[in-house]
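Colleague: A single structure is presented below for examination.
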Amino acid sequence: MGETTLQRYEATVRSGALDRDPAQAQVIERLNALDLALRDRSRSKSGALSWLFARKKEPVKGLYVWGEVGRGKTRLMDMFFEAAAVPKKRRAHFHDFMIDVHARLHEARQAAKVGKAPTGDLIPGVADQIAAEAGLLCFDEMHVTDIADAMILSRLFQRLFEAGVTVVATSNVPPMELYKDGLNRALFLPFIDLVRQRMEVVKLESRTDFRREKLGDNGLWHAPADAGAEAALDAAFTALAGGPGAPATLDVQGRHIPLPRAANGVARASFDDLCGRPLGAGDYIALARRYHTLVLDRVPVLDDQRRNEARRFMTLVDELYEHGVKLVASAEAEPDQLWAGSEGYEAFGFARTASRLAEMGSEEWLSRPHGRPDSAASGATTGLVET
């Protein structure tokens with residue numbers, strides 16, 4: 001069945017690509033135990049008594065790994081995902097997954113309107129679709145801020161677990177802090193209970209921010225955003241794109257998003273172009289899929305008066321990170337000084353964003369291929385991997 005999660009971790013440490021960290025090793029032990037449990041179940045289902053398992057699908061208890069930003073949670077989960085010997089598996093950023101869920105719900109509603117699908121609660125049907133596609137779901141960055149997500153998660157995941165799906169997730173907060181201070185949070189609490197029942201909650205205690213540790217002086221982040229920075233971005237775009245480029249348009253579900261310049265997989269836009277307009281995660285996903293490099297001009301210092309722009313910027317960076325996009329930018333300040341507002345969700349989110357921007361300036365990041373890990377493994381963009 002191939003290397004286990006633990007074997008992959010040990011090989012990575014031996015190669016020098018990762019330093020051994022006691023806290024990370026503890027999480028790897030839990031992920032490896034889950035890996036072995038899934039392998040045992042797979043062998044049992046393929047054995048002579050497999051008919052017993054066809055009657056009732058009991059999921060292997062999953063994992064919820066949380067800890068402060070930059071501790072290596074995503075990398076550890078990816079090692080597990082790559083090793084997991086599951087016939088069908090899916091790895092997704094939680095943002096992307098919920099976009100997919102809402103798209104499926106919309107399709108189901110449209111079908112119900114014309115009599116091509118049953119009416120009533122559509123969530124069980126969508127959950128059954130997802131369960132048929134993947135017996136293992138791995139989510140990076142599970143955090144909930146949208147009430148539309150919060151109100152359906154309990155029913156959605158209850159059905160997934162009933163269908164035998166195993167779930168692994170990373171998060172920056174413990175389950176009890178998900179959707180903290182959110183509207184109608186009492187209706188969200190059953191989801192937290194479900195997570196604690198169906199997933200082992202593990203904290204990654206590591207003290208080292210592995211992203212910041214790898215940050216090198218690669219000339220990718222230029223602050224302040226002065227004439228020298230603009231000249232550096234001009235030179236970078238020309239070199240990467242092979243010329244001055246031309247205006248381009250990104251089409252997303254019938255909407256047209258103009259980009260000032262693009263060529264050969266490289267796009268150039270200003271902060272206001274991408275974050276000063278009402279764009280969302282779906283738009284940034286489309287951008288990240290189409291372009292392997294983004295040259296971004298004039299990222300400002302943000303505060304409470306620009307919360308919407310701040311949230312869009314955080315989402316943009318998340319999607320660039322998820323898709324392995326290279327970022328060259330000019331800004332008014334260094335990444336960890338971009339938020340000048342009050343404490344709260346944005347301050348917390350910007351700590352994660354600054355950490356990711358640090359990693360995106362490293363030599364290792366520059367050598368990473370464009371595309372999501374799950375897409376690369378499957379040869380598709382759906383995140384579904386068959387082994």
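If you're wondering about the labels, chains in the structure tokens are A, B, ... by order shown, residues count from 1 in each chain, ligands from 1 in order shown.
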Can you check which residues of range 304-348 of chain A DSSP gives as strand (DSSP E or B) on the backbone and send them as number ranges by chain?

Modeller: A: 326-331, 339

Colleague: Can you list, as JSON, numbers by chain, all residues belonging to range 172-354 of chain A that DSSP tags as alpha helix (DSSP H)?

Modeller: {"A": [189, 190, 191, 192, 193, 194, 195, 196, 197, 198, 210, 211, 212, 213, 227, 228, 229, 230, 231, 232, 233, 234, 235, 236, 237, 238, 239, 240, 241, 271, 272, 273, 274, 275, 281, 282, 283, 284, 285, 286, 287, 288, 289, 290, 307, 308, 309, 310, 311, 312, 313, 314, 315, 316, 317, 318, 319, 320, 321, 322, 345, 346, 347, 348, 349, 350, 351, 352, 353, 354]}

Colleague: Have a look at A:Gly115, A:Gly243, A:Pro300, A:Pro224 and name the one nearest to Phe271 in chain A; count only C-alpha atoms.

Modeller: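 Selected residue with least distance to Phe271 in chain A: A:Pro300.
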
Colleague: So which one's closest to Phe94 in chain A, A:Glu200, A:Ala246, A:Phe348, A:Leu137? Using only C-alpha atoms, please.

Modeller: A:Leu137

Colleague: Which residues are close to Gly2 in chain A, i.e. within 9 Å by only C-alpha atoms, leaving aside same-chain residues fewer than 5 positions away? Reply as an NGL selection string.

Modeller: :A and (83-85)

Colleague: Just write the chosen residues, N, CA and C atoms, as a CSV table (one decimal), in the first residue's frame.

Modeller:
```
chain,number,residue,atom,x,y,z
A,83,ALA,N,-0.2,9.8,1.9
A,83,ALA,CA,0.1,8.4,2.3
A,83,ALA,C,-1.2,7.6,2.4
A,84,ALA,N,-2.3,8.2,2.7
A,84,ALA,CA,-3.6,7.5,3.0
A,84,ALA,C,-4.0,6.6,1.9
A,85,ALA,N,-4.1,5.3,2.2
A,85,ALA,CA,-4.4,4.3,1.2
A,85,ALA,C,-6.0,4.1,1.2
```

Colleague: Range 73-146 of chain A near range 311-330 of chain A within 10 Å: what's each residue's closest atom pair and its distance in Å to one decimal, counting only C-alpha atoms, ordered by chain then ascending residue number, as CSV?

Modeller:
```
residue,atom,partner,partner_atom,distance
A:Ala92,CA,A:Glu322,CA,8.8
A:His93,CA,A:Glu322,CA,7.2
A:His95,CA,A:Thr315,CA,8.8
A:Asp96,CA,A:Glu319,CA,8.8
A:Asp140,CA,A:Glu322,CA,9.1
A:Glu141,CA,A:Asp318,CA,9.1
```

Colleague: Taking N, CA and C atoms for each residue, export the selection above as a PDB file, in the first residue's frame.

Modeller:
```
ATOM      1  N   ALA A  92      -9.059  19.642   0.459  1.00  0.00           N
ATOM      2  CA  ALA A  92      -9.535  20.950   0.022  1.00  0.00           C
ATOM      3  C   ALA A  92      -9.300  21.994   1.098  1.00  0.00           C
ATOM      4  N   HIS A  93      -9.114  23.225   0.652  1.00  0.00           N
ATOM      5  CA  HIS A  93      -9.190  24.340   1.587  1.00  0.00           C
ATOM      6  C   HIS A  93     -10.657  24.459   1.976  1.00  0.00           C
ATOM      7  N   HIS A  95     -12.615  26.888   2.618  1.00  0.00           N
ATOM      8  CA  HIS A  95     -13.303  27.885   1.789  1.00  0.00           C
ATOM      9  C   HIS A  95     -13.820  27.247   0.505  1.00  0.00           C
ATOM     10  N   ASP A  96     -12.906  26.558  -0.194  1.00  0.00           N
ATOM     11  CA  ASP A  96     -13.236  25.966  -1.486  1.00  0.00           C
ATOM     12  C   ASP A  96     -14.333  24.913  -1.338  1.00  0.00           C
ATOM     13  N   ASP A 140      -8.041  21.965   4.997  1.00  0.00           N
ATOM     14  CA  ASP A 140      -7.056  22.903   5.529  1.00  0.00           C
ATOM     15  C   ASP A 140      -7.763  24.189   5.932  1.00  0.00           C
ATOM     16  N   GLU A 141      -7.333  24.760   7.054  1.00  0.00           N
ATOM     17  CA  GLU A 141      -7.830  26.053   7.532  1.00  0.00           C
ATOM     18  C   GLU A 141      -9.342  26.045   7.751  1.00  0.00           C
TER      19      GLU A 141
END
```

Colleague: What lies within 9 Å of range 226-234 of chain A using only C-alpha atoms, ignoring chain neighbours under 5 positions off, as number ranges by chain?

Modeller: A: 219-221, 239, 244, 295-298, 328-332

Colleague: Those residues with C-alpha atoms, as an mmCIF file, in the first residue's frame please?

Modeller:
```
data_model
loop_
_atom_site.group_PDB
_atom_site.id
_atom_site.type_symbol
_atom_site.label_atom_id
_atom_site.label_comp_id
_atom_site.auth_asym_id
_atom_site.auth_seq_id
_atom_site.Cartn_x
_atom_site.Cartn_y
_atom_site.Cartn_z
ATOM 1 C CA GLY A 219 13.241 40.492 -3.424
ATOM 2 C CA LEU A 220 9.584 39.492 -3.658
ATOM 3 C CA TRP A 221 8.118 41.917 -1.095
ATOM 4 C CA ALA A 239 11.139 39.231 -16.902
ATOM 5 C CA PRO A 244 5.028 44.088 -21.252
ATOM 6 C CA VAL A 295 2.509 40.877 -9.381
ATOM 7 C CA LEU A 296 0.509 42.979 -6.914
ATOM 8 C CA ASP A 297 0.949 46.743 -6.588
ATOM 9 C CA ARG A 298 0.467 49.005 -3.585
ATOM 10 C CA VAL A 328 5.689 39.669 -6.058
ATOM 11 C CA ALA A 329 4.288 42.737 -4.303
ATOM 12 C CA SER A 330 4.848 46.317 -3.244
ATOM 13 C CA ALA A 331 3.350 47.484 0.033
ATOM 14 C CA GLU A 332 3.326 50.304 2.539
#
```
